[in-house]
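What follows is a single structure, written as structure tokens, with notes after it.
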Amino acid sequence: MSDLIYRVKDLKVSFPDLAHKPLFGAAPRTSVLKGLTFDVARGDVLGIVGGSGSGKSTLGRAMIRLLRPDSGSILFEGTEIAQLGEDDLRPLRKRFQMIFQDPMSSLNPRRRVGGIIAGPLRLQGFDDIPRRVDDALEMVGLPKSFSERYPHELSGGQRQRVGIARAIALKPDFILADEIVSGLDVSSQAQVLNLLEQLVRDLGLTLAFVSHDLSVIRRLCSRILVMHHGEIVENAATADLFANPQAEYTRTLLDAIPLPDPDQVWA
Amino acid sequence: MHDARGQIRRLPGLRLWLSGGWLLLLVLAAVFAPMISPHDPLEQDLFAARLPPFWQQGADPAYLLGTDSLGRDLLSRMLYGARLALTVALVAGTLTCLVGATLGLIAGYFRGWADLVISRLVDIWMAFPPVLFAILLIAVLGTGLTSIIVAIVVIDWTRFSRVVRAEAMSQGAMDYVASAQVAGRSRLGIALAEILPNVLPTIVALLTLEMGIAVIVEAILSFVNLSISTDQPTWGGMIAEGRTSIYQAWWVLVFPLVALFLTVLSFSQLGEGLKDYFDPVLR
Ligand SMILES: Nc1ncnc2c1ncn2[C@@H]1O[C@H](COP(=O)(O)OP(=O)(O)OP(=O)(O)O)[C@@H](O)[C@H]1O
Ligand SMILES: [Mg+2]
């Protein structure tokens with residue numbers, strides 16, 4: 001088996017442009033992903049950066065098949081999933097998971113934390129579910145007793161930990177994290193990032209981390225995809241990208257973002 | 001601070017108790033009507049016509065709430081009337097809810113052509129004046145309990161489907177739905193296990209409201225003599241009869257009217273109270 005988790009080739013996604021829909025007939029489609037090609041290697045932590053509306057979330061959602069791309073190929077561990085129907089995807093779903101941006105909206109308010117984490121395990125036919133729920137809670141640093149709580153009884157950072165626990169409980173090969181700290185205050189942000197770093201290290205997760213915060217990406221990620229208007233303008237290892245940005249757009253991004261390293265600011 | 005919180009928490013409870021209490025009383029009255037009624041509700045006694053309620057001059061203690069112009073015992077007629085009111089409320093309310101909420105959930109979550117068809121139907125339905133629609137339907141179906149229930153379901157399902165559709169749509173856009181999809185839940189599974197529980201408090205509130213409305217509709221139809229056969233006591237029928245003798249015997253009109261009012265109010269208050277109770281955030 002190859003050590004590539006994803007091979008994405010010429011991936012295209014468009015949405016109907018309802019603002020320009022004629023009175024009769026179908027709306028014209030706007031192209032959001034304009035033929036993306038890249039690989040994700042096992043163990044990579046792939047940062048996806050780019051301006052708002054550049055298609056980062058759309059790319060992520062296509063990769064875990066929350067939406068069906070117009071064309072192109074998505075090979076996930078050797079299986080072509082780009083056009084698979086929901087029934088054929090179901091057995092694969094435990095292998096690629098997602099952590100959502102807004103933990104309030106991504107946790108069903110009528111379920112207790114335990115039920116929220118157990119749900120996917122049950123759907124995917126895991127055994128020994130209570131133990132797995134406890135393990136997942138422990139891994140994200142929440143006490144077991146939290147499984148009796150409702151999402152609204154948690155803090156923002158704790159909620160996001162539940163979102164992480166739900167994803168890792170399935171022991172997936174790949175996790176997409178879409179702006180998962182942007183809704184949190186600075187101190188919970190740091191905690192969640194620390195946790196993520198630790199999980200990547202301990203579980204050998206392959207992670208795609210969508211963010212427009214380059215300093216966060218730099219700390220967490222091994223590779224970076226820079227997106228601009230639905231295209232990949234640069235795809236490089238983190239160190240290379242920061243040392244020697246190739247694309248014009250990457251340079252403007254780097255210039256615009258305050259660097260976390262004080263030495264560089266004063267240099 | 002502390003007191004204000006206490007009040008906020010107590011009020012829905014009180015509402016629930018009062019409305020639940022009245023409805024429980026009604027259920028008991030309906031179930032045990034044959035045992036607790038002091039008289040046969042249909043038995044006429046022209047010598048005891050228009051007897052006033054017990055606290056008034058000239059009352060007969062055998063007729064606690066007095067009699068109507070044919071000398072029938074009001075209390076007994078009210079108790080038997082409760083039977084019909086509750087039957088209509090429960091059966092018609094529940095059926096309307098099942099039909100309307102199911103269609104609303106399908107339209108709001110599955111979207112597509114199903115939504116197109118259901119939403120058009122709702123639009124068309126809304127163009128009919130409901131009472132006229134009901135009278136027309138009964139005229140076609142003929143009078144009787146089943147016709148009333150069918151008429152209420154046919155007319156009022158849109159009340160549920162409109163609200164449930166909008167609610168299901170906004171719930172469907174939440175990330176917990178996407179997250180269930182990522183976990184491999186089927187569309188139907190998501191609709192039933194994720195969306196429905198979140199729409200349920202609204203459905204419950206609407207359901208109890210609908211039960212109140214069903215009682216009113218039945219009363220209106222009885223009032224215009226289109227409900228059940230005339231020899232079965234109904235609150236609406238009693239109100240219609242009482243109207244003709246309002247100056248000679250106000251009680252014939254007022255007692256069933258008060259019962260009707262309290263019942264409809266209780267149903268809607270019960271709904272509000274239950275809605276809070278069902279919400280884990282408010283509870
Ligand atoms: N469901 C949709 N229907 C129509 N257009 C959409 C839809 N989802 C996204 N778009 C459009 O696609 C483009 C890319 O959106 P996307 O959410 O992928 O951007 P993003 O890079 O994640 O931005 P942000 O940083 O703001 O989250 C945007 O122009 C957006 O308006
Ligand atoms: Mg986004």
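Residues in the structure tokens are named by chain (A, B, ... in the order shown) and by number from 1 within that chain; ligands are numbered from 1 in the order shown.
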Any idea what's packed within 8 Å of B:Ile149, counting only C-alpha atoms, ignoring anything in its chain fewer than 6 positions away? Could you give it as a list in words? Val88, Val91 and Ala92 of chain B
Take the residues that were just selected and, keeping N, CA, C and O atoms, output them as a short mmCIF file (atom, residue, chain, number, x, y, z; two decimals), in the first residue's frame.
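What follows is the written file out36.cif:
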data_model
loop_
_atom_site.label_atom_id
_atom_site.label_comp_id
_atom_site.auth_asym_id
_atom_site.auth_seq_id
_atom_site.Cartn_x
_atom_site.Cartn_y
_atom_site.Cartn_z
N VAL B 88 -62.74 14.60 20.14
CA VAL B 88 -62.36 15.36 18.95
C VAL B 88 -60.97 15.95 19.13
O VAL B 88 -60.12 15.88 18.25
N VAL B 91 -58.24 12.92 19.07
CA VAL B 91 -58.12 12.20 17.80
C VAL B 91 -57.78 13.16 16.66
O VAL B 91 -56.80 12.96 15.93
N ALA B 92 -58.57 14.23 16.54
CA ALA B 92 -58.33 15.15 15.42
C ALA B 92 -56.98 15.85 15.58
O ALA B 92 -56.22 15.99 14.62
#
For chain A, report every residue with an atom at most 6 Å from chain B (counting only C-alpha atoms), formatted as a VMD selection string. chain A and resid 90 93 105 to 108 120
How would you write, as a ChimeraX atom specification, the set of residues in stretch 28-264 of chain A that DSSP gives as alpha helix (DSSP H)? /A:56-63,86-89,103-106,113-123,129-139,156-169,186-203,214-220,238-243,248-256,262-264
Test item: residues no farther than 9 Å from ligand 1, counting only C-alpha atoms and all ligand atoms, as JSON, numbers by chain: {"A": [13, 14, 15, 16, 17, 18, 29, 30, 31, 32, 33, 48, 49, 50, 51, 52, 53, 54, 55, 56, 57, 58, 59, 60, 61, 178, 179, 210, 211, 212, 227, 228, 229, 230]}
Give me, as a ChimeraX atom specification, all polymer residues having an atom no more than 10 Å from B:Gln232, counting only C-alpha atoms and skipping those fewer than 3 positions away in the same chain. /B:41-42,77,80-81,84,227-229,237
Find the spatial neighbours of A:Arg132, counting only C-alpha atoms, within a cut-off of 12 Å - ignore same-chain residues fewer than 3 positions away - and output them as a PyMOL selection string. chain A and resi 114-115+117-122+126-129+135-139+144+147+165-171
I'd like the contact shell of B:Leu132 - 12 Å cut-off, only C-alpha atoms, skipping same-chain residues fewer than 3 positions apart - returned as number ranges by chain. B: 127-129, 135-139, 151, 155, 217, 220-221, 224
For B:Arg111: contacts at 12 Å, only C-alpha atoms, fewer than 2 positions along chain excluded, given as a VMD selection string: chain B and resid 103 to 109 113 to 119 165 to 166 168 to 169 172 187 191
Spatial neighbours of A:Gln158, 9 Å, only C-alpha atoms, chain gap at least 5 places, as a PDB file with C-alpha atoms, in the first residue's frame:
ATOM      1  CA  LEU A 142     -12.412  15.738  29.847  1.00  0.00           C
ATOM      2  CA  PRO A 151     -23.628  20.631  25.226  1.00  0.00           C
ATOM      3  CA  GLY A 163     -16.162  17.598  18.856  1.00  0.00           C
ATOM      4  CA  SER A 188      -9.027  28.003  24.967  1.00  0.00           C
ATOM      5  CA  VAL A 192      -7.254  23.129  21.900  1.00  0.00           C
TER       6      VAL A 192
END
